[in-house]
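Trainee: Quick one: the structure is below, questions incoming.
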Amino acid sequence: MSSAAPRATGQDQLWTVDEHLEDILATVRPLEPIELQLLDAQGCVLVEDVTVPVSLPPFDNSSMDGYAVRVADVAGASEEFPAVLDVVGDVAAGQAGLLHVGPGQAARIMTGAPLPPGAETVVPVEWTDGGLGEGPVSGMRARALAPEGAEGHVHVYRPAEARAHVRAKGSDVKSGDRALEAGTVLGPPQIALLAAIGRGTVRVRPRPRVVVMSTGSELVQPGEELGSGQIYDSNSFALTAAARDAGAIAYKVGAVADDAETLRSTIEDQLVRADLMVTTGGVSVGAYDVVKEALSYVGDEDEAGSGIEFRKLAMQPGKPQGFGSIGPDHTPLLALPGNPVSSYVSFELFVRPAIRTLMGLQDVHRPRTTATLTADKALTSPKGRRQFLRATYADGTVTPVGGAGSHLVAALAHADALIVVPEDVVSVEPDAEVEVVLLG
């Protein structure tokens, strides 16, 4: 990335939250689809409907361990007058070459085993003597332990209706049915269904690769010794975890010192594994805000559209923001402020929707609702700014947690919602109805 003239557009303009988000979502495009093995496709979004090639189950099978019989042979059976049937053998799951059950006959059958020809229903083993002649049993002995149980006679003490305890062919899904729709996120149940219908691969949009890096010479990694004037780097951990929660494959880069050349070099090194880059810190107006210094000159004349634009947004927290694209592939980059609350709120509002857009999802935003404000006093908000306050939400009410300071990370750990105070509102009284963004 060579130097070019900085982009001046928008530097003195006060952007609204909606304008900034719209600009991001108009720029970010869903990733190109690829074919993946089932387990590699977990968390990805289908790009085409999946049709069932074979019915589930593919044959009538037993839902119980018991005996496959004809209905007429057990009609009227009771403990006093049991039906006595000849046992012609075993039918196990996966068994080929089925037995035939004729009049007066029964076959021991295991759960999942195909219903043999001639049989019309299944009698649970608990309704029989298990072939042992000693009254009702509680379970079926293993064939290896009681080989005589697969032959001789069985006493049946209760009647069974036709197709009782039988899973019908196609009762789950039928051949030709649509198993999953395009746009479905593949979780464990969906992976199970795809495997059950024989699909080894699926066409999906891959999970975006997101690189997260924090900046600041004062940052130390957790587990290391703090020096004078140093703090632990929490932002890169928070945002990497948030990116993974949003569905991305996220990589955390160790904190980068306040040096523009070092930051540029680190970004160039990371571009090879990034579909989206996120930086935190260094976007304000301080003398050591190196993200602006480093990225304002990123991009060259041969890379039309490259470059990062730094903006002031009419929001609190999170006024300073940066957005644009970098590198030969025009990789999107979002530069977030460094205060922990500011960076996390900015992630939820701007980065999460970008990740969900890359995934190809239609609904990219956190759910929103209205709730009754529970507070000891009125909430104040700066005029002309859309304020986002950390809060807890339960049963239609929302309660602020922590103060308004954008450095108060402890309160953030207890929040599961954000209260939204519009730009034209400077005070919100207790019991008022407010808009809430649900984070959990």
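Each chain of the structure tokens is named A, B, ... in the order shown, its residues numbered from 1; ligands are numbered from 1 in display order.
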With only C-alpha atoms as the counted atoms, please give the residues lying no more than 12 Å from His20 in chain A, apart from itself and same-chain residues fewer than 2 positions off, as a PyMOL selection string.
Mentor: chain A and resi 10+13-18+22-27+309-315+318-324+334+346+349-351+353-354
Trainee: One decimal, in Å: what's the spacing between CA of Pro58 in chain A and CA of Gly104 in chain A?
Mentor: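 Separation between CA of Pro58 in chain A and CA of Gly104 in chain A: 27.9 Å.
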Trainee: So which residues touch Asp86 in chain A within 8 Å, counting only C-alpha atoms, skipping near sequence neighbours fewer than 2 positions away, as a PDB file with N, CA, C and O atoms, in the first residue's frame?
Mentor:
ATOM      1  N   VAL A  84     -49.719 -67.233  21.586  1.00  0.00           N
ATOM      2  CA  VAL A  84     -48.451 -67.964  21.542  1.00  0.00           C
ATOM      3  C   VAL A  84     -48.037 -68.089  20.079  1.00  0.00           C
ATOM      4  O   VAL A  84     -48.759 -68.687  19.266  1.00  0.00           O
ATOM      5  N   VAL A  88     -39.459 -66.949  14.440  1.00  0.00           N
ATOM      6  CA  VAL A  88     -38.750 -67.441  13.257  1.00  0.00           C
ATOM      7  C   VAL A  88     -37.353 -66.863  13.105  1.00  0.00           C
ATOM      8  O   VAL A  88     -36.622 -67.243  12.194  1.00  0.00           O
ATOM      9  N   GLY A 104     -49.365 -66.940  12.587  1.00  0.00           N
ATOM     10  CA  GLY A 104     -48.916 -67.628  13.790  1.00  0.00           C
ATOM     11  C   GLY A 104     -47.443 -67.463  14.073  1.00  0.00           C
ATOM     12  O   GLY A 104     -46.899 -68.161  14.938  1.00  0.00           O
ATOM     13  N   GLN A 105     -46.776 -66.559  13.372  1.00  0.00           N
ATOM     14  CA  GLN A 105     -45.337 -66.390  13.544  1.00  0.00           C
ATOM     15  C   GLN A 105     -44.994 -64.991  14.067  1.00  0.00           C
ATOM     16  O   GLN A 105     -45.795 -64.059  13.977  1.00  0.00           O
ATOM     17  N   ALA A 106     -43.781 -64.862  14.586  1.00  0.00           N
ATOM     18  CA  ALA A 106     -43.250 -63.579  15.049  1.00  0.00           C
ATOM     19  C   ALA A 106     -41.750 -63.551  14.796  1.00  0.00           C
ATOM     20  O   ALA A 106     -41.103 -64.608  14.744  1.00  0.00           O
ATOM     21  N   GLU A 151     -35.655 -68.137  18.912  1.00  0.00           N
ATOM     22  CA  GLU A 151     -36.368 -69.266  18.324  1.00  0.00           C
ATOM     23  C   GLU A 151     -37.353 -69.804  19.350  1.00  0.00           C
ATOM     24  O   GLU A 151     -37.477 -69.272  20.446  1.00  0.00           O
ATOM     25  N   GLY A 152     -38.064 -70.814  19.018  1.00  0.00           N
ATOM     26  CA  GLY A 152     -39.058 -71.357  19.939  1.00  0.00           C
ATOM     27  C   GLY A 152     -40.337 -70.550  19.894  1.00  0.00           C
ATOM     28  O   GLY A 152     -40.824 -70.221  18.817  1.00  0.00           O
ATOM     29  N   HIS A 153     -40.896 -70.250  21.073  1.00  0.00           N
ATOM     30  CA  HIS A 153     -42.178 -69.560  21.131  1.00  0.00           C
ATOM     31  C   HIS A 153     -42.071 -68.293  21.977  1.00  0.00           C
ATOM     32  O   HIS A 153     -41.198 -68.170  22.831  1.00  0.00           O
ATOM     33  N   VAL A 154     -43.011 -67.359  21.714  1.00  0.00           N
ATOM     34  CA  VAL A 154     -43.125 -66.155  22.528  1.00  0.00           C
ATOM     35  C   VAL A 154     -44.583 -65.991  22.929  1.00  0.00           C
ATOM     36  O   VAL A 154     -45.492 -66.243  22.127  1.00  0.00           O
TER      37      VAL A 154
END
Trainee: Out of range 403-435 of chain A, which residues get alpha helix (DSSP H) from DSSP, as a PyMOL selection string?
Mentor: chain A and resi 409-412
Trainee: Please, could you write that set of residues out with all heavy atoms as an mmCIF file, in the first residue's frame?
Mentor:
data_model
loop_
_atom_site.group_PDB
_atom_site.id
_atom_site.type_symbol
_atom_site.label_atom_id
_atom_site.label_comp_id
_atom_site.auth_asym_id
_atom_site.auth_seq_id
_atom_site.Cartn_x
_atom_site.Cartn_y
_atom_site.Cartn_z
ATOM 1 N N VAL A 409 -15.893 -0.535 31.505
ATOM 2 C CA VAL A 409 -16.073 -1.854 30.909
ATOM 3 C C VAL A 409 -16.775 -2.829 31.856
ATOM 4 O O VAL A 409 -17.418 -3.784 31.403
ATOM 5 C CB VAL A 409 -14.708 -2.421 30.453
ATOM 6 C CG1 VAL A 409 -13.830 -2.771 31.650
ATOM 7 C CG2 VAL A 409 -14.888 -3.627 29.544
ATOM 8 N N ALA A 410 -16.677 -2.608 33.175
ATOM 9 C CA ALA A 410 -17.305 -3.544 34.118
ATOM 10 C C ALA A 410 -18.808 -3.594 33.928
ATOM 11 O O ALA A 410 -19.424 -4.664 33.942
ATOM 12 C CB ALA A 410 -16.953 -3.158 35.558
ATOM 13 N N ALA A 411 -19.442 -2.425 33.756
ATOM 14 C CA ALA A 411 -20.888 -2.395 33.564
ATOM 15 C C ALA A 411 -21.285 -3.077 32.259
ATOM 16 O O ALA A 411 -22.352 -3.683 32.159
ATOM 17 C CB ALA A 411 -21.388 -0.955 33.573
ATOM 18 N N LEU A 412 -20.408 -2.999 31.267
ATOM 19 C CA LEU A 412 -20.706 -3.619 29.973
ATOM 20 C C LEU A 412 -20.866 -5.124 30.122
ATOM 21 O O LEU A 412 -21.681 -5.749 29.433
ATOM 22 C CB LEU A 412 -19.585 -3.301 28.990
ATOM 23 C CG LEU A 412 -19.778 -3.723 27.533
ATOM 24 C CD1 LEU A 412 -20.991 -3.032 26.932
ATOM 25 C CD2 LEU A 412 -18.531 -3.422 26.724
#
Trainee: As a list in words, please: the residues near Glu429 in chain A (cut-off 9 Å, only C-alpha atoms, same-chain neighbours under 5 positions excluded).
Mentor: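 After dropping sequence-adjacent residues, the list is Leu373, Ala375, Lys377, Ala378, Leu379 and Thr380 of chain A.
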Trainee: Need the shell around range 131-141 of chain A: protein/DNA/RNA residues with any atom at most 12 Å away, counting only C-alpha atoms. Skip same-chain ones fewer than 6 positions apart. Format as a PyMOL selection string?
Mentor: chain A and resi 64-67+78-90+106-111+124-125+147-158
Trainee: Please produce a file of those selected residues containing C-alpha atoms, as a CSV table (one decimal), in the first residue's frame.
Mentor:
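Okay, this is what ended up in again12.csv:
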chain,number,residue,atom,x,y,z
A,64,MET,CA,-39.2,-50.4,19.6
A,65,ASP,CA,-37.4,-53.5,20.6
A,66,GLY,CA,-40.0,-56.2,20.4
A,67,TYR,CA,-41.7,-58.7,18.0
A,78,SER,CA,-54.2,-60.9,27.5
A,79,GLU,CA,-52.1,-62.1,30.4
A,80,GLU,CA,-54.7,-64.8,31.2
A,81,PHE,CA,-55.0,-65.8,27.5
A,82,PRO,CA,-51.8,-64.9,25.8
A,83,ALA,CA,-51.2,-65.4,22.1
A,84,VAL,CA,-48.5,-68.0,21.5
A,85,LEU,CA,-46.4,-67.5,18.4
A,86,ASP,CA,-43.5,-69.3,16.7
A,87,VAL,CA,-40.4,-67.1,16.7
A,88,VAL,CA,-38.8,-67.4,13.3
A,89,GLY,CA,-35.6,-65.4,13.9
A,90,ASP,CA,-34.1,-61.9,14.5
A,106,ALA,CA,-43.2,-63.6,15.0
A,107,ALA,CA,-39.8,-62.2,14.5
A,108,ARG,CA,-37.7,-60.6,17.2
A,109,ILE,CA,-37.1,-57.0,15.9
A,110,MET,CA,-34.7,-54.3,17.1
A,111,THR,CA,-35.3,-50.5,17.1
A,124,PRO,CA,-43.0,-54.1,22.5
A,125,VAL,CA,-40.9,-56.7,24.3
A,147,PRO,CA,-29.7,-67.5,21.7
A,148,GLU,CA,-32.8,-69.5,22.5
A,149,GLY,CA,-34.7,-66.3,22.6
A,150,ALA,CA,-34.6,-66.0,18.8
A,151,GLU,CA,-36.4,-69.3,18.3
A,152,GLY,CA,-39.1,-71.4,19.9
A,153,HIS,CA,-42.2,-69.6,21.1
A,154,VAL,CA,-43.1,-66.2,22.5
A,155,HIS,CA,-46.2,-65.4,24.7
A,156,VAL,CA,-47.8,-62.0,23.8
A,157,TYR,CA,-50.0,-60.5,26.6
A,158,ARG,CA,-51.6,-57.5,24.8
Trainee: Nearest to Val204 in chain A: which of A:Asp40, A:Glu293, A:Glu120, A:Asp329 is it, counting only C-alpha atoms?
Mentor: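 Result for the nearest residue to Val204 in chain A: A:Asp40.
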Trainee: Pick the closest to Ala168 in chain A from A:Gly112, A:Pro222, A:Gly130, A:Gly200: which is it, counting only C-alpha atoms?
Mentor: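 Among A:Gly112, A:Pro222, A:Gly130, A:Gly200, it is A:Gly112 that comes nearest to Ala168 in chain A.
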Trainee: If you count only C-alpha atoms, which residues fall within 12 Å of His365 in chain A, apart from same-chain ones fewer than 3 positions away, as a ChimeraX atom specification?
Mentor: /A:21,25,246,347-357,361-362,368,437-439
Trainee: Write to file, as a short mmCIF file (atom, residue, chain, number, x, y, z; two decimals), in the first residue's frame, the residues of the selection just made, with N, CA, C and O atoms.
Mentor:
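As written to disk, selection-v3.cif reads:
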data_model
loop_
_atom_site.label_atom_id
_atom_site.label_comp_id
_atom_site.auth_asym_id
_atom_site.auth_seq_id
_atom_site.Cartn_x
_atom_site.Cartn_y
_atom_site.Cartn_z
N LEU A 21 -23.99 3.73 8.67
CA LEU A 21 -24.34 2.33 8.48
C LEU A 21 -24.75 2.04 7.04
O LEU A 21 -24.34 1.03 6.46
N LEU A 25 -23.03 -0.74 4.54
CA LEU A 25 -23.78 -1.84 3.94
C LEU A 25 -23.90 -1.72 2.43
O LEU A 25 -24.12 -2.73 1.74
N ALA A 246 -20.85 -13.27 16.04
CA ALA A 246 -21.62 -12.84 14.87
C ALA A 246 -21.58 -13.86 13.74
O ALA A 246 -22.35 -13.75 12.78
N PHE A 347 -19.05 -1.73 17.40
CA PHE A 347 -19.07 -3.05 16.78
C PHE A 347 -20.49 -3.52 16.56
O PHE A 347 -20.85 -3.99 15.46
N GLU A 348 -21.32 -3.41 17.60
CA GLU A 348 -22.70 -3.89 17.49
C GLU A 348 -23.47 -3.15 16.41
O GLU A 348 -24.28 -3.74 15.68
N LEU A 349 -23.23 -1.87 16.28
CA LEU A 349 -24.01 -1.05 15.35
C LEU A 349 -23.50 -1.16 13.91
O LEU A 349 -24.30 -1.09 12.97
N PHE A 350 -22.18 -1.33 13.73
CA PHE A 350 -21.62 -1.23 12.39
C PHE A 350 -20.89 -2.50 11.92
O PHE A 350 -21.09 -2.95 10.79
N VAL A 351 -20.08 -3.10 12.78
CA VAL A 351 -19.28 -4.24 12.35
C VAL A 351 -20.12 -5.51 12.26
O VAL A 351 -20.02 -6.26 11.28
N ARG A 352 -20.94 -5.76 13.26
CA ARG A 352 -21.78 -6.95 13.22
C ARG A 352 -22.65 -6.99 11.96
O ARG A 352 -22.69 -8.03 11.28
N PRO A 353 -23.37 -5.90 11.60
CA PRO A 353 -24.13 -5.95 10.34
C PRO A 353 -23.26 -6.20 9.12
O PRO A 353 -23.69 -6.86 8.17
N ALA A 354 -22.01 -5.67 9.13
CA ALA A 354 -21.11 -5.91 8.00
C ALA A 354 -20.75 -7.39 7.90
O ALA A 354 -20.73 -7.97 6.81
N ILE A 355 -20.47 -8.01 9.04
CA ILE A 355 -20.15 -9.45 9.05
C ILE A 355 -21.34 -10.26 8.55
O ILE A 355 -21.18 -11.17 7.72
N ARG A 356 -22.51 -9.95 9.03
CA ARG A 356 -23.71 -10.70 8.63
C ARG A 356 -24.02 -10.48 7.14
O ARG A 356 -24.55 -11.38 6.48
N THR A 357 -23.68 -9.31 6.63
CA THR A 357 -23.85 -9.06 5.19
C THR A 357 -22.88 -9.90 4.38
O THR A 357 -23.24 -10.48 3.35
N LEU A 361 -26.60 -13.09 4.88
CA LEU A 361 -27.86 -13.11 5.62
C LEU A 361 -28.73 -11.93 5.23
O LEU A 361 -28.23 -10.86 4.86
N GLN A 362 -30.05 -12.12 5.31
CA GLN A 362 -30.98 -11.04 5.00
C GLN A 362 -31.18 -10.12 6.20
O GLN A 362 -31.22 -8.90 6.06
N ARG A 368 -34.73 -5.48 17.91
CA ARG A 368 -35.08 -4.29 18.69
C ARG A 368 -36.50 -4.43 19.20
O ARG A 368 -37.33 -5.09 18.60
N VAL A 437 -32.10 -2.06 21.95
CA VAL A 437 -31.41 -3.03 21.13
C VAL A 437 -31.04 -4.22 22.02
O VAL A 437 -30.38 -4.03 23.05
N LEU A 438 -31.49 -5.41 21.66
CA LEU A 438 -31.24 -6.61 22.47
C LEU A 438 -29.92 -7.26 22.03
O LEU A 438 -29.77 -7.64 20.87
N LEU A 439 -29.01 -7.39 22.96
CA LEU A 439 -27.66 -7.90 22.64
C LEU A 439 -27.54 -9.40 22.85
O LEU A 439 -26.66 -10.03 22.27
#
